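Right, one structure below, let's go through it.
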Amino acid sequence: MSDSPFTKATETQRRLKVLIYGPPKVGKTLLALGLPKPVVIDLEHGTDAYAGKIAGGFDVLHTISTAEVKQAVEWLQANTGVYKTVIVDPITVWWQSLQAVRYELAERKLLAAKKPSDNIDLTFSDWNKVKLAWNTACARIVNAGYHFIAIARSADVYEGEGQNLRKTGEKKPAGDNGAPYWFDTIIRVEFRGEDRMVFVEGIEEPVVDEPWKGQ
């Protein structure tokens, strides 16, 4: 028998893969920073309020460049052990930035061909490249063994079509519709009056503010 590429499964410390979403200023970033040795890819300066206020501190990259996000993820993959938790805040802006790159390329092609660029639609190939960039980065973070915490803005859920389109009153994470599949746990944070409530999707009762205490 040739050498098998498989080894016997052994018990290892489970890493968290969590998607947190909710309205602005509800404390999503602060909740994420409660995990050990965090590093943040910060796409909207959400960490600014917490610099110097988190025990042990944290490192951060401020960027909206998809190229810089890619480089940062590749560095994290090659330098495991420097940090324990990777936070992307928010994935909503990252997803929008990936699309913006494809729109800019499409616009350049139209202008080079001296065609009108008023109404640009991304092609099937464009969307594949957007999703490939997103999924590749997520896979690199997950397989490098970090706690992976993604923060998202919240978006309204609609049903119906055309003039019959209406809000259902529910919320969802704003970004790639396939994003939740990367995560084991989805946490919704919201205000109820002056109180901040933290819910794990599928559980109706609120949980404590530090759902991963002890990790």
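Residues are named by chain letter and number: chains run A, B, ... in the order of the structure tokens, numbers start at 1 in each chain, and ligands are numbered from 1 in the order shown.
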
Discussion item. If we count only C-alpha atoms and set the cut-off at 8 Å, which residues sit around Ala152 in chain A, ignoring sequence neighbours fewer than 5 positions away in its own chain? Please answer as a PyMOL selection string.
Written reply: chain A and resi 19-22+89-92+173-175

Would you mind exporting the chosen residues as an mmCIF file, in the first residue's frame, restricted to all heavy atoms?
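Here's the written file part-v4.cif:
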data_model
loop_
_atom_site.group_PDB
_atom_site.id
_atom_site.type_symbol
_atom_site.label_atom_id
_atom_site.label_comp_id
_atom_site.auth_asym_id
_atom_site.auth_seq_id
_atom_site.Cartn_x
_atom_site.Cartn_y
_atom_site.Cartn_z
ATOM 1 N N LEU A 19 -19.965 35.001 12.988
ATOM 2 C CA LEU A 19 -20.429 36.182 12.256
ATOM 3 C C LEU A 19 -21.309 36.992 13.195
ATOM 4 O O LEU A 19 -22.292 36.481 13.745
ATOM 5 C CB LEU A 19 -21.216 35.751 11.021
ATOM 6 C CG LEU A 19 -21.908 36.849 10.210
ATOM 7 C CD1 LEU A 19 -20.920 37.889 9.714
ATOM 8 C CD2 LEU A 19 -22.674 36.240 9.032
ATOM 9 N N ILE A 20 -20.940 38.263 13.405
ATOM 10 C CA ILE A 20 -21.693 39.168 14.274
ATOM 11 C C ILE A 20 -22.293 40.270 13.418
ATOM 12 O O ILE A 20 -21.583 40.904 12.631
ATOM 13 C CB ILE A 20 -20.783 39.810 15.341
ATOM 14 C CG1 ILE A 20 -20.051 38.737 16.163
ATOM 15 C CG2 ILE A 20 -21.584 40.718 16.256
ATOM 16 C CD1 ILE A 20 -18.984 39.309 17.093
ATOM 17 N N TYR A 21 -23.598 40.507 13.560
ATOM 18 C CA TYR A 21 -24.195 41.600 12.788
ATOM 19 C C TYR A 21 -25.189 42.376 13.631
ATOM 20 O O TYR A 21 -25.706 41.895 14.646
ATOM 21 C CB TYR A 21 -24.831 41.087 11.509
ATOM 22 C CG TYR A 21 -26.151 40.348 11.668
ATOM 23 C CD1 TYR A 21 -27.369 40.997 11.409
ATOM 24 C CD2 TYR A 21 -26.193 39.017 12.057
ATOM 25 C CE1 TYR A 21 -28.567 40.327 11.544
ATOM 26 C CE2 TYR A 21 -27.383 38.337 12.187
ATOM 27 C CZ TYR A 21 -28.575 39.000 11.931
ATOM 28 O OH TYR A 21 -29.765 38.332 12.064
ATOM 29 N N GLY A 22 -25.440 43.612 13.210
ATOM 30 C CA GLY A 22 -26.372 44.464 13.929
ATOM 31 C C GLY A 22 -26.259 45.894 13.463
ATOM 32 O O GLY A 22 -25.466 46.211 12.571
ATOM 33 N N ASP A 89 -13.708 43.741 9.937
ATOM 34 C CA ASP A 89 -14.734 44.675 10.418
ATOM 35 C C ASP A 89 -14.886 45.862 9.461
ATOM 36 O O ASP A 89 -14.042 46.758 9.449
ATOM 37 C CB ASP A 89 -14.309 45.173 11.798
ATOM 38 C CG ASP A 89 -15.320 46.096 12.443
ATOM 39 O OD1 ASP A 89 -16.450 46.217 11.925
ATOM 40 O OD2 ASP A 89 -14.983 46.710 13.471
ATOM 41 N N PRO A 90 -15.981 45.902 8.673
ATOM 42 C CA PRO A 90 -16.989 44.869 8.486
ATOM 43 C C PRO A 90 -16.792 44.146 7.151
ATOM 44 O O PRO A 90 -16.273 44.714 6.197
ATOM 45 C CB PRO A 90 -18.289 45.665 8.479
ATOM 46 C CG PRO A 90 -17.912 46.946 7.791
ATOM 47 C CD PRO A 90 -16.458 47.208 8.145
ATOM 48 N N ILE A 91 -17.282 42.922 7.081
ATOM 49 C CA ILE A 91 -17.219 42.197 5.808
ATOM 50 C C ILE A 91 -18.129 42.854 4.776
ATOM 51 O O ILE A 91 -17.942 42.664 3.573
ATOM 52 C CB ILE A 91 -17.573 40.707 5.975
ATOM 53 C CG1 ILE A 91 -18.985 40.526 6.550
ATOM 54 C CG2 ILE A 91 -16.529 39.993 6.814
ATOM 55 C CD1 ILE A 91 -19.494 39.092 6.479
ATOM 56 N N THR A 92 -19.094 43.639 5.235
ATOM 57 C CA THR A 92 -19.987 44.355 4.305
ATOM 58 C C THR A 92 -19.178 45.262 3.384
ATOM 59 O O THR A 92 -19.378 45.273 2.162
ATOM 60 C CB THR A 92 -21.014 45.187 5.095
ATOM 61 O OG1 THR A 92 -21.679 44.353 6.047
ATOM 62 C CG2 THR A 92 -22.038 45.810 4.158
ATOM 63 N N PRO A 173 -27.411 39.627 7.852
ATOM 64 C CA PRO A 173 -26.104 40.254 7.648
ATOM 65 C C PRO A 173 -26.009 40.826 6.237
ATOM 66 O O PRO A 173 -26.413 40.176 5.269
ATOM 67 C CB PRO A 173 -25.114 39.093 7.829
ATOM 68 C CG PRO A 173 -25.879 38.020 8.534
ATOM 69 C CD PRO A 173 -27.305 38.186 8.108
ATOM 70 N N ALA A 174 -25.490 42.041 6.110
ATOM 71 C CA ALA A 174 -25.337 42.670 4.803
ATOM 72 C C ALA A 174 -24.014 42.243 4.184
ATOM 73 O O ALA A 174 -22.949 42.454 4.763
ATOM 74 C CB ALA A 174 -25.384 44.193 4.941
ATOM 75 N N GLY A 175 -24.093 41.615 3.010
ATOM 76 C CA GLY A 175 -22.890 41.142 2.331
ATOM 77 C C GLY A 175 -23.241 39.990 1.424
ATOM 78 O O GLY A 175 -24.390 39.853 0.985
#

Practice prompt. Return as an MDAnalysis selection string the full set of residues in range 56-156 of chain A whose backbone-based DSSP assignment is strand (DSSP E or B).
Written response: chainID A and resid 59:62 85:89 147:156

Output of the above residues as a CSV table (one decimal), in the first residue's frame, restricted to C-alpha atoms:
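Produced file selection-v7.csv, reproduced below:
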chain,number,residue,atom,x,y,z
A,59,ASP,CA,-3.1,45.4,16.3
A,60,VAL,CA,-5.0,46.8,13.4
A,61,LEU,CA,-4.8,47.4,9.6
A,62,HIS,CA,-6.9,50.3,8.4
A,85,THR,CA,-8.0,35.9,16.6
A,86,VAL,CA,-8.6,37.6,13.2
A,87,ILE,CA,-11.4,40.1,13.0
A,88,VAL,CA,-12.7,41.5,9.7
A,89,ASP,CA,-14.7,44.7,10.4
A,147,HIS,CA,-10.6,32.3,15.7
A,148,PHE,CA,-12.3,34.0,12.8
A,149,ILE,CA,-14.7,36.8,13.7
A,150,ALA,CA,-16.5,38.6,10.9
A,151,ILE,CA,-18.6,41.7,11.6
A,152,ALA,CA,-21.4,42.8,9.3
A,153,ARG,CA,-23.8,45.6,9.1
A,154,SER,CA,-27.5,44.6,9.2
A,155,ALA,CA,-29.8,44.7,6.2
A,156,ASP,CA,-33.6,44.5,5.9

Worksheet item: Got a sec to tell me which of range 95-159 of chain A DSSP assigns to helix (DSSP H, G or I), as number ranges by chain?
Response: A: 95-112, 124-143

Worksheet item: With only C-alpha atoms as the atoms that count, which of A:Gly57, A:Pro116, A:Pro24, A:Gly145 lies nearest to Gly81 in chain A?
Response: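 Using only C-alpha atoms, the shortest distance to Gly81 in chain A belongs to A:Gly145.
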
Worksheet item: What separation in Å, quoted to one decimal, exists between CA of Thr12 in chain A and CA of Leu76 in chain A?
Response: 20.3 Å

Fill in: Near-Thr168 in chain A list (8 Å; only C-alpha atoms; drop same-chain fewer than 6 positions) as a list in words
Asp156, Val157, Tyr158 and Glu159 of chain A

Practice prompt. One decimal, Å: what's the distance from CA of Asn177 in chain A over to CA of Ala78 in chain A, could you say?
Written response: 28.7 Å

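Residues in contact range of Leu110 in chain A, defined as at most 12 Å between only C-alpha atoms, with sequence neighbours fewer than 6 positions away removed, read Tyr103, Glu104, Pro116, Ser117, Asp118, Asn119, Ile120 and Asp121 of chain A.
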
Rows by chain and residue number, range 8-106 of chain A within 9 Å of range 180-183 of chain A, shortest pair, only C-alpha atoms, as CSV:
residue,atom,partner,partner_atom,distance
A:Leu16,CA,A:Phe183,CA,8.2
A:Lys17,CA,A:Phe183,CA,4.7
A:Val18,CA,A:Phe183,CA,5.3
A:Leu19,CA,A:Phe183,CA,6.2

Item to complete: Determine the nearest neighbour of Glu201 in chain A from the options A:Val189, A:Ile41, A:Leu98, A:Ala51, counting only C-alpha atoms.
Response: A:Val189
